[in-house]
Amino acid sequence: MDSISIKIVEIHLPNLPDLPPHYHTTNGLPPHLMSTLKNAMDIAKPSFSNIINTLKPDLIMYDFLHPWVPTMSATLNIPCVLFLTPGAAACSYLFHIGRKKPVFEYPFPAIYLRDHEYNRNRHMFEPTEEDDEVGDGFTDTQRRVNACMDGSSEIILIKSFRELEGKYINYLSTLSYKRYVPVGPLVRAPETENDHSDIMDWLNMKERCSTVFASFGSEYFLSKDEMEELALGLELSKVNFLWVVRFPGGQKISLEEALPKKFLQTIGKRGKIVEGWAPQLRILGHSSIGGFVSHCGWSSVMEGLKLGVPIIAMPMHLDQPLNAKLIVDAGVGEEAVRDKYGNIDRHEVAKVIRKVVAEKSGQRLRKKAREYSEILKSNGEKEIGEVVQELINLCRITRSVEMLY
């Protein structure tokens, strides 16, 4: 599709005291402001209504926090389709738990939450006093997700592929009585610019599969204690590493302050630290990379698999612990398991990094990750082609019904 056929239309959120314009997105949004952002989106409903009344689109795609979108679409007889960007394993587990009290256990025991993971995500499962005012026993997020699933026109799209998550995709269809259609991993082509040549030059000096790449996405940040344990774990592993370090917006912290004393001097040429942003796909595609230390955000998992790199899982919250269980069960990674209090341990980090990169067991993980990479290359645009046909059929059915009346 030519870029000229894509038009960006902004929806303007209200200026709330606790939500300045730079927080009108989840990127860099402090967790305690998530409910405020959702409320701001709700207040912007009239603006969205004006947009669809002006554009009169043939189809609307929406995410899982805006249940008023399918309601508005229905009044205008516009088909709308929910698009879920988390993975199917995590979604099926969360939706199973979220559909009131399930009458049977979740059918895939490899996907679960440890006690400390449940406690950290308690707000996702247990209603607050404010939630209880509605009286239906759901949290606000569960209520929104359920309404979004119910409002989707016949199908629900999900960012995944059947070879990895087929049974979870099928279970989601059973849970919601709607057919789930995978759109594939949606991983863009690696960057080709020559920026960050210092990173690529450094990687070029490393042996094949000898180096770990550590990055935790753009929306999640390690605490000072977690950063210290990871740093010392990387040091203890004796494995080459490239680590992208980010700090929350507005925080002015130097690397020397954030890292253990004399760490930068100790690691020498074995490690390289990049602050801010790095070309993740180019790095993952480099021959020297033998493992990906990741928070297991779903996009990062998809990128690791697309490029055939085994994952060293260090999940933090939300769907990430469930994604970590999936990659272990699929044989494409290992998890650096936190202690019962949810703390990272340097020795566990070092052990798992060595297991994936330096020891013989890592060969099995790399082989499996590369198999998935080959599957994705072979699939090409197959899933997207199927999705396009599904959406065209949905629009045709809607038009046929309109003609009858």
# chains A, B, ... in the order shown; residues from 1 in each chain; ligands from 1
>>> select_by_dssp(residues="stretch 228-378 of chain A", states="strand (DSSP E)", output="list in words")
Asn240, Phe241, Leu242, Trp243, Val244, Val245, Gly271, Lys272, Ile273, Val274, Glu275, Ile289, Gly290, Gly291, Phe292, Val293, Ser294, Ile311, Ile312, Ala313, Gly333, Glu334 and Glu335 of chain A
>>> write_last_selection(atoms="N, CA, C and O atoms", output="CSV table (one decimal), in the first residue's frame")
chain,number,residue,atom,x,y,z
A,240,ASN,N,30.0,-12.0,26.7
A,240,ASN,CA,29.9,-10.6,26.1
A,240,ASN,C,28.5,-10.1,26.1
A,240,ASN,O,27.5,-10.9,26.0
A,241,PHE,N,28.3,-8.8,26.3
A,241,PHE,CA,27.0,-8.3,26.4
A,241,PHE,C,26.9,-6.9,25.8
A,241,PHE,O,27.8,-6.1,26.0
A,242,LEU,N,25.7,-6.6,25.2
A,242,LEU,CA,25.4,-5.3,24.8
A,242,LEU,C,24.0,-4.9,25.5
A,242,LEU,O,23.1,-5.6,25.3
A,243,TRP,N,24.1,-3.9,26.3
A,243,TRP,CA,22.9,-3.6,27.2
A,243,TRP,C,22.4,-2.2,26.9
A,243,TRP,O,23.2,-1.2,26.9
A,244,VAL,N,21.1,-2.1,26.5
A,244,VAL,CA,20.5,-0.8,26.3
A,244,VAL,C,19.8,-0.3,27.6
A,244,VAL,O,18.9,-1.0,28.1
A,245,VAL,N,20.3,0.8,28.1
A,245,VAL,CA,19.8,1.3,29.4
A,245,VAL,C,18.9,2.5,29.2
A,245,VAL,O,19.3,3.4,28.5
A,271,GLY,N,31.9,-5.9,27.5
A,271,GLY,CA,30.5,-5.3,27.5
A,271,GLY,C,30.4,-3.9,26.9
A,271,GLY,O,31.4,-3.2,27.0
A,272,LYS,N,29.3,-3.6,26.4
A,272,LYS,CA,29.0,-2.3,25.9
A,272,LYS,C,27.6,-1.8,26.3
A,272,LYS,O,26.7,-2.6,26.2
A,273,ILE,N,27.6,-0.6,26.9
A,273,ILE,CA,26.3,-0.1,27.3
A,273,ILE,C,25.9,1.1,26.5
A,273,ILE,O,26.7,2.0,26.2
A,274,VAL,N,24.6,1.1,26.0
A,274,VAL,CA,24.1,2.2,25.2
A,274,VAL,C,23.0,2.8,25.9
A,274,VAL,O,22.1,2.1,26.4
A,275,GLU,N,23.0,4.1,26.1
A,275,GLU,CA,21.9,4.8,26.8
A,275,GLU,C,20.9,5.3,25.8
A,275,GLU,O,21.2,5.9,24.8
A,289,ILE,N,25.1,-12.3,18.1
A,289,ILE,CA,24.1,-12.4,19.1
A,289,ILE,C,23.6,-13.8,19.4
A,289,ILE,O,23.1,-14.5,18.5
A,290,GLY,N,23.8,-14.3,20.6
A,290,GLY,CA,23.4,-15.7,20.9
A,290,GLY,C,22.3,-15.8,21.9
A,290,GLY,O,21.8,-16.8,22.2
A,291,GLY,N,21.8,-14.6,22.4
A,291,GLY,CA,20.7,-14.6,23.4
A,291,GLY,C,20.2,-13.2,23.5
A,291,GLY,O,20.9,-12.2,23.3
A,292,PHE,N,18.9,-13.1,23.9
A,292,PHE,CA,18.2,-11.8,24.1
A,292,PHE,C,17.6,-11.7,25.5
A,292,PHE,O,16.7,-12.4,25.8
A,293,VAL,N,18.3,-10.9,26.3
A,293,VAL,CA,17.7,-10.7,27.7
A,293,VAL,C,16.6,-9.7,27.6
A,293,VAL,O,16.8,-8.5,27.3
A,294,SER,N,15.4,-10.1,27.8
A,294,SER,CA,14.2,-9.3,27.5
A,294,SER,C,13.2,-9.4,28.7
A,294,SER,O,13.1,-10.4,29.4
A,311,ILE,N,15.6,-16.5,23.9
A,311,ILE,CA,15.3,-15.4,24.9
A,311,ILE,C,15.6,-15.8,26.3
A,311,ILE,O,15.3,-16.9,26.7
A,312,ILE,N,16.3,-14.9,27.0
A,312,ILE,CA,16.5,-15.0,28.4
A,312,ILE,C,15.5,-14.1,29.1
A,312,ILE,O,15.6,-12.9,29.0
A,313,ALA,N,14.5,-14.7,29.6
A,313,ALA,CA,13.3,-14.0,30.1
A,313,ALA,C,13.5,-13.4,31.5
A,313,ALA,O,13.8,-14.1,32.4
A,333,GLY,N,13.6,-20.4,24.9
A,333,GLY,CA,14.2,-19.6,25.9
A,333,GLY,C,14.2,-20.2,27.3
A,333,GLY,O,13.6,-21.3,27.5
A,334,GLU,N,14.8,-19.5,28.2
A,334,GLU,CA,14.9,-19.8,29.6
A,334,GLU,C,14.5,-18.6,30.4
A,334,GLU,O,14.8,-17.5,30.0
A,335,GLU,N,14.0,-18.8,31.6
A,335,GLU,CA,13.6,-17.6,32.5
A,335,GLU,C,14.6,-17.5,33.6
A,335,GLU,O,14.9,-18.5,34.3
>>> residues_around(residues="A:Pro182", least_positions_apart="5", cutoff="8 Å", atoms="only C-alpha atoms", output="number ranges by chain")
A: 157-162, 169, 383, 387
>>> select_by_dssp(residues="stretch 13-132 of chain A", states="helix (DSSP H, G or I)", output="PyMOL selection string")
chain A and resi 21-23+31-43+45-55+68-75+88-98+115-120+122-124+129-132
>>> atom_distance(atom1="atom CA of A:Ile375", atom2="atom CA of A:Leu175")
27.6 Å
>>> atom_distance(atom1="atom CA of A:Gln142", atom2="atom CA of A:Met302")
25.3 Å
>>> residues_around(residues="A:His66", least_positions_apart="4", cutoff="12 Å", atoms="only C-alpha atoms", output="compact mmCIF listing (two decimals) with N, CA and C atoms, in the first residue's frame")
# COMPACT_ATOMS: atom_id res chain seq x y z
N LEU A 37 -5.61 8.12 32.04
CA LEU A 37 -5.56 8.12 30.58
C LEU A 37 -6.81 7.47 30.00
N LYS A 38 -7.25 6.37 30.61
CA LYS A 38 -8.48 5.72 30.12
C LYS A 38 -9.68 6.65 30.27
N ASN A 39 -9.74 7.37 31.38
CA ASN A 39 -10.84 8.32 31.58
C ASN A 39 -10.79 9.45 30.56
N ALA A 40 -9.58 9.90 30.24
CA ALA A 40 -9.43 10.96 29.24
C ALA A 40 -9.93 10.48 27.88
N MET A 41 -9.62 9.23 27.54
CA MET A 41 -10.12 8.68 26.28
C MET A 41 -11.64 8.60 26.29
N ASP A 42 -12.21 8.24 27.43
CA ASP A 42 -13.67 8.19 27.53
C ASP A 42 -14.29 9.57 27.32
N ILE A 43 -13.65 10.59 27.88
CA ILE A 43 -14.16 11.96 27.74
C ILE A 43 -14.09 12.41 26.28
N ALA A 44 -13.13 11.82 25.54
CA ALA A 44 -12.94 12.21 24.13
C ALA A 44 -13.91 11.50 23.18
N LYS A 45 -14.89 10.78 23.71
CA LYS A 45 -15.83 10.07 22.84
C LYS A 45 -16.52 10.97 21.81
N PHE A 48 -14.29 11.40 18.86
CA PHE A 48 -14.23 10.20 18.03
C PHE A 48 -15.51 10.08 17.19
N MET A 61 -11.26 -0.67 13.23
CA MET A 61 -10.51 -1.59 14.08
C MET A 61 -10.16 -0.85 15.35
N TYR A 62 -10.24 -1.54 16.49
CA TYR A 62 -10.05 -0.86 17.77
C TYR A 62 -9.35 -1.79 18.75
N PRO A 70 -17.33 -0.02 19.55
CA PRO A 70 -18.32 -0.85 18.86
C PRO A 70 -19.75 -0.38 19.04
N THR A 71 -20.03 0.25 20.18
CA THR A 71 -21.39 0.79 20.40
C THR A 71 -21.70 1.88 19.39
N MET A 72 -20.76 2.82 19.22
CA MET A 72 -20.95 3.88 18.23
C MET A 72 -21.04 3.31 16.82
N SER A 73 -20.17 2.34 16.52
CA SER A 73 -20.15 1.75 15.18
C SER A 73 -21.49 1.10 14.84
N VAL A 81 -13.91 -4.35 14.29
CA VAL A 81 -13.17 -5.56 14.65
C VAL A 81 -12.15 -5.22 15.73
N LEU A 82 -12.18 -5.99 16.81
CA LEU A 82 -11.21 -5.85 17.88
C LEU A 82 -9.86 -6.42 17.43
N PHE A 83 -8.79 -5.65 17.70
CA PHE A 83 -7.43 -6.11 17.39
C PHE A 83 -6.64 -6.17 18.69
N ASP A 140 -12.40 -2.67 36.32
CA ASP A 140 -12.71 -1.79 35.20
C ASP A 140 -12.11 -2.34 33.90
N THR A 141 -10.88 -2.85 33.96
CA THR A 141 -10.25 -3.38 32.76
C THR A 141 -10.98 -4.62 32.25
N GLN A 142 -11.36 -5.52 33.14
CA GLN A 142 -12.11 -6.71 32.73
C GLN A 142 -13.43 -6.32 32.08
N ARG A 143 -14.09 -5.34 32.64
CA ARG A 143 -15.37 -4.88 32.10
C ARG A 143 -15.19 -4.33 30.68
N ARG A 144 -14.13 -3.54 30.50
CA ARG A 144 -13.85 -2.97 29.19
C ARG A 144 -13.51 -4.06 28.17
N VAL A 145 -12.64 -5.00 28.57
CA VAL A 145 -12.22 -6.06 27.65
C VAL A 145 -13.41 -6.92 27.24
N ASN A 146 -14.23 -7.31 28.20
CA ASN A 146 -15.40 -8.14 27.89
C ASN A 146 -16.33 -7.45 26.91
N ALA A 147 -16.57 -6.14 27.12
CA ALA A 147 -17.45 -5.39 26.22
C ALA A 147 -16.84 -5.27 24.83
N CYS A 148 -15.53 -5.09 24.78
CA CYS A 148 -14.85 -4.98 23.48
C CYS A 148 -14.92 -6.30 22.72
N MET A 149 -14.76 -7.42 23.41
CA MET A 149 -14.86 -8.72 22.75
C MET A 149 -16.28 -8.96 22.26
N GLY A 151 -18.46 -6.83 21.42
CA GLY A 151 -18.86 -5.90 20.36
C GLY A 151 -18.18 -6.12 19.03
N SER A 152 -17.16 -6.98 18.99
CA SER A 152 -16.44 -7.19 17.74
C SER A 152 -17.30 -7.95 16.73
>>> residues_around(residues="A:Asp115", least_positions_apart="5", cutoff="10 Å", atoms="only C-alpha atoms", output="list of chain:residue names")
A:Arg120, A:Asn121, A:Lys340, A:Tyr341, A:Gly342
>>> write_last_selection(atoms="N, CA and C atoms", output="short mmCIF file (atom, residue, chain, number, x, y, z; two decimals), in the first residue's frame")
data_model
loop_
_atom_site.label_atom_id
_atom_site.label_comp_id
_atom_site.auth_asym_id
_atom_site.auth_seq_id
_atom_site.Cartn_x
_atom_site.Cartn_y
_atom_site.Cartn_z
N ARG A 120 1.66 -8.75 42.17
CA ARG A 120 2.04 -7.52 41.47
C ARG A 120 0.97 -7.10 40.47
N ASN A 121 0.22 -8.07 39.97
CA ASN A 121 -0.84 -7.79 38.98
C ASN A 121 -2.24 -7.91 39.58
N LYS A 340 10.97 -15.62 45.77
CA LYS A 340 9.55 -15.63 46.14
C LYS A 340 9.02 -14.24 46.44
N TYR A 341 9.92 -13.29 46.63
CA TYR A 341 9.50 -11.91 46.88
C TYR A 341 9.49 -11.08 45.60
N GLY A 342 9.85 -11.70 44.49
CA GLY A 342 9.87 -11.00 43.22
C GLY A 342 11.15 -10.26 42.92
#
